[in-house]
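Here is the file run.tsv (TSV, C-alpha atoms).
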```tsv
chain	number	residue	atom	x	y	z
S	1	MET	CA	104.88	131.32	141.95
S	2	ARG	CA	105.35	132.93	138.54
S	3	PHE	CA	108.92	131.60	138.38
S	4	ILE	CA	107.68	128.04	139.04
S	5	ILE	CA	105.06	128.23	136.26
S	6	ILE	CA	107.57	129.63	133.75
S	7	SER	CA	110.08	126.95	134.73
S	8	LEU	CA	107.51	124.16	134.26
S	9	ILE	CA	106.44	125.49	130.86
S	10	THR	CA	110.09	125.72	129.76
S	11	VAL	CA	110.83	122.16	130.89
S	12	LEU	CA	107.73	120.80	129.13
S	13	PHE	CA	108.55	122.71	125.95
S	14	LEU	CA	112.16	121.51	125.85
S	15	GLY	CA	111.17	117.94	126.73
S	16	THR	CA	108.61	117.81	123.96
S	17	PHE	CA	110.89	119.06	121.21
S	18	SER	CA	113.95	117.12	122.30
S	19	ALA	CA	111.89	113.93	121.83
S	20	CYS	CA	111.24	114.90	118.18
S	21	ARG	CA	114.57	113.67	116.88
S	22	ARG	CA	115.11	112.35	113.40
S	23	ALA	CA	115.01	108.58	113.25
S	24	TYR	CA	116.69	108.36	109.84
S	25	GLU	CA	119.55	110.15	108.09
S	26	ASP	CA	117.03	111.91	105.86
S	27	GLY	CA	113.54	111.96	107.23
S	28	PRO	CA	110.94	114.01	108.95
S	29	SER	CA	111.45	115.18	112.51
S	30	ILE	CA	107.71	115.08	113.12
S	31	SER	CA	105.07	112.99	111.34
S	32	PHE	CA	101.40	112.38	111.97
S	33	TYR	CA	101.77	108.80	110.72
S	34	SER	CA	103.61	106.04	112.55
S	35	ARG	CA	106.71	104.57	110.92
S	36	GLU	CA	104.86	101.34	110.25
S	37	GLU	CA	102.01	103.22	108.57
S	38	ARG	CA	104.54	104.97	106.31
S	39	VAL	CA	106.16	101.65	105.30
S	40	VAL	CA	102.82	100.01	104.46
S	41	ASN	CA	102.36	100.77	100.76
S	42	THR	CA	102.93	99.48	97.24
S	43	TRP	CA	106.35	100.83	96.29
S	44	LYS	CA	108.12	100.87	92.93
S	45	ALA	CA	111.84	101.50	92.54
S	46	GLN	CA	112.67	104.90	91.13
S	47	THR	CA	116.45	104.55	91.44
S	48	VAL	CA	118.57	101.45	92.07
S	49	LEU	CA	122.24	101.84	92.96
S	50	ARG	CA	124.35	98.69	93.17
S	51	ASN	CA	127.80	99.27	94.68
S	52	ASP	CA	127.28	103.02	94.09
S	53	TYR	CA	126.68	102.56	90.34
S	54	ASP	CA	123.31	103.43	88.82
S	55	ASP	CA	121.67	100.15	87.73
S	56	THR	CA	118.15	101.57	87.42
S	57	LYS	CA	117.88	100.71	83.69
S	58	LEU	CA	118.72	97.10	84.49
S	59	TYR	CA	115.59	96.70	86.63
S	60	ASN	CA	112.48	96.75	84.41
S	61	HIS	CA	110.17	95.88	87.26
S	62	PHE	CA	111.16	96.24	90.91
S	63	GLU	CA	108.22	96.45	93.26
S	64	MET	CA	107.71	95.89	96.96
S	65	ILE	CA	104.32	95.62	98.61
S	66	PHE	CA	104.22	95.96	102.40
S	67	GLU	CA	100.94	95.03	104.06
S	68	LYS	CA	99.90	95.81	107.61
S	69	GLY	CA	99.90	92.88	110.01
S	70	GLY	CA	97.07	91.73	112.20
S	71	ALA	CA	96.63	92.69	115.85
S	72	SER	CA	98.98	89.93	117.00
S	73	GLU	CA	101.63	90.53	114.31
S	74	ALA	CA	104.41	93.06	114.22
S	75	GLY	CA	104.78	94.28	110.67
S	76	GLY	CA	102.85	92.10	108.26
S	77	LYS	CA	103.23	90.44	104.87
S	78	TYR	CA	105.40	91.67	102.04
S	79	SER	CA	105.91	90.72	98.43
S	80	TRP	CA	109.00	91.49	96.41
S	81	THR	CA	108.99	91.37	92.60
S	82	ILE	CA	112.08	92.01	90.49
S	83	GLN	CA	112.55	91.57	86.76
S	84	VAL	CA	116.03	92.21	85.42
S	85	ALA	CA	116.66	93.34	81.82
S	86	PRO	CA	117.12	92.04	79.14
S	87	ASP	CA	114.88	89.15	80.20
S	88	THR	CA	111.47	90.78	79.70
S	89	THR	CA	109.66	87.68	78.43
S	90	THR	CA	109.91	85.57	81.58
S	91	PRO	CA	107.40	86.58	84.26
S	92	ALA	CA	109.05	88.25	87.21
S	93	PRO	CA	109.35	85.97	90.24
S	94	VAL	CA	107.43	87.00	93.32
S	95	THR	CA	108.75	86.43	96.83
S	96	THR	CA	106.18	86.64	99.63
S	97	ASN	CA	106.72	86.39	103.37
S	98	THR	CA	106.57	88.58	106.50
S	99	TRP	CA	108.35	91.73	107.65
S	100	GLN	CA	108.75	93.80	110.79
S	101	LEU	CA	110.48	96.98	111.92
S	102	THR	CA	113.54	96.42	114.12
S	103	SER	CA	116.44	98.39	115.62
S	104	LYS	CA	114.23	101.16	117.00
S	105	ASP	CA	112.30	101.27	113.69
S	106	ARG	CA	115.48	102.02	111.72
S	107	GLN	CA	115.49	98.71	109.84
S	108	ILE	CA	113.01	96.56	107.98
S	109	LYS	CA	113.57	92.89	108.71
S	110	LEU	CA	112.45	90.66	105.82
S	111	PHE	CA	111.90	87.00	106.64
S	112	THR	CA	112.40	84.40	103.90
S	113	ASP	CA	111.42	80.78	103.39
S	114	ASP	CA	114.90	79.85	104.59
S	115	PRO	CA	114.89	80.47	108.38
S	116	THR	CA	118.67	80.96	108.36
S	117	ARG	CA	118.47	83.82	105.83
S	118	VAL	CA	117.00	87.16	106.90
S	119	LEU	CA	117.43	90.42	104.98
S	120	TYR	CA	117.82	93.68	106.88
S	121	MET	CA	117.06	96.89	105.00
S	122	ASP	CA	118.38	100.06	106.64
S	123	ILE	CA	115.86	102.87	106.28
S	124	VAL	CA	117.57	106.06	105.10
S	125	ARG	CA	114.51	108.17	104.34
S	126	LEU	CA	110.86	107.47	105.11
S	127	TYR	CA	108.02	109.76	104.12
S	128	GLU	CA	104.50	108.87	103.03
S	129	LYS	CA	105.51	109.42	99.37
S	130	GLU	CA	109.13	108.28	99.45
S	131	MET	CA	111.23	105.53	101.03
S	132	TRP	CA	114.99	105.01	100.63
S	133	VAL	CA	116.61	101.81	101.86
S	134	ARG	CA	120.10	100.28	101.91
S	135	TYR	CA	120.84	96.58	102.09
S	136	GLN	CA	123.44	93.98	101.18
S	137	ILE	CA	122.99	90.75	99.21
S	138	ASP	CA	126.14	88.65	99.09
S	139	ASN	CA	128.94	91.08	98.10
S	140	ASP	CA	126.66	93.69	96.54
S	141	TYR	CA	125.46	96.79	98.36
S	142	TYR	CA	122.18	98.33	97.21
S	143	THR	CA	120.55	101.70	97.75
S	144	VAL	CA	117.00	101.82	96.43
S	145	LYS	CA	114.78	104.87	96.26
S	146	PHE	CA	111.11	103.86	96.22
S	147	ILE	CA	108.04	105.92	95.35
S	148	PRO	CA	104.40	104.82	95.66
S	149	LYS	CA	103.07	102.91	92.67
```

Before anything else, please render the file you have as structure tokens.
Amino acid sequence: MRFIIISLITVLFLGTFSACRRAYEDGPSISFYSREERVVNTWKAQTVLRNDYDDTKLYNHFEMIFEKGGASEAGGKYSWTIQVAPDTTTPAPVTTNTWQLTSKDRQIKLFTDDPTRVLYMDIVRLYEKEMWVRYQIDNDYYTVKFIPK
């Protein structure tokens, strides 16, 4: 009887901690917040790498706002604002649409006004106070490190 109890406890223990795998290259193994709750935030770019070169100084204003969706929506609304130097007099354009987590919550899928164009952002790191993403626009590859605004 004692052997059976010890065996059951061992199986439960191993099963619980084997399910706590990392979802991202750099990220927590265990979190009290869901992945969607960690994405929902107002983020500002701390570092912007374009094709592995630091272009952070080029982006005066790079902000993404992810809002939680309603009960029937996966994800929610997002807005994306980018202002590129040296043009600091023209107001930064704002893109607004919807988003959702895909690929087992490893990507953020951003919908656009053009139904044939969807942007996928690979999540590299996702904490409550930090989010790193990688994505491609045309022939440029970006890695952006966001922090809460």

Could you give me, as a PDB file with C-alpha atoms, keeping the file's coordinate frame, the residues within 7 Å of region 59-66 of chain S, counting all atoms listed in the file and dropping anything in the same chain fewer than 5 positions from it?
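The result, written out as around.pdb:
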```
ATOM      1  CA  VAL S  39     106.160 101.650 105.300  1.00  0.00           C
ATOM      2  CA  VAL S  40     102.820 100.010 104.460  1.00  0.00           C
ATOM      3  CA  ASN S  41     102.360 100.770 100.760  1.00  0.00           C
ATOM      4  CA  THR S  42     102.930  99.480  97.240  1.00  0.00           C
ATOM      5  CA  TRP S  43     106.350 100.830  96.290  1.00  0.00           C
ATOM      6  CA  LYS S  44     108.120 100.870  92.930  1.00  0.00           C
ATOM      7  CA  ALA S  45     111.840 101.500  92.540  1.00  0.00           C
ATOM      8  CA  LYS S  77     103.230  90.440 104.870  1.00  0.00           C
ATOM      9  CA  TYR S  78     105.400  91.670 102.040  1.00  0.00           C
ATOM     10  CA  SER S  79     105.910  90.720  98.430  1.00  0.00           C
ATOM     11  CA  TRP S  80     109.000  91.490  96.410  1.00  0.00           C
ATOM     12  CA  THR S  81     108.990  91.370  92.600  1.00  0.00           C
ATOM     13  CA  ILE S  82     112.080  92.010  90.490  1.00  0.00           C
ATOM     14  CA  GLN S  83     112.550  91.570  86.760  1.00  0.00           C
ATOM     15  CA  VAL S  84     116.030  92.210  85.420  1.00  0.00           C
ATOM     16  CA  ALA S  85     116.660  93.340  81.820  1.00  0.00           C
TER      17      ALA S  85
END
```

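Between CA of Glu128 (chain S) and CA of Leu49 (chain S) the separation is 21.6 Å.
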
Point out the residue among S:Ile137, S:Met131, S:Leu101, S:Val94 with the least atom-to-atom distance to Leu119 (chain S), counting only C-alpha atoms.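 Ranking S:Ile137, S:Met131, S:Leu101, S:Val94 by distance to Leu119 (chain S), first place goes to S:Ile137.
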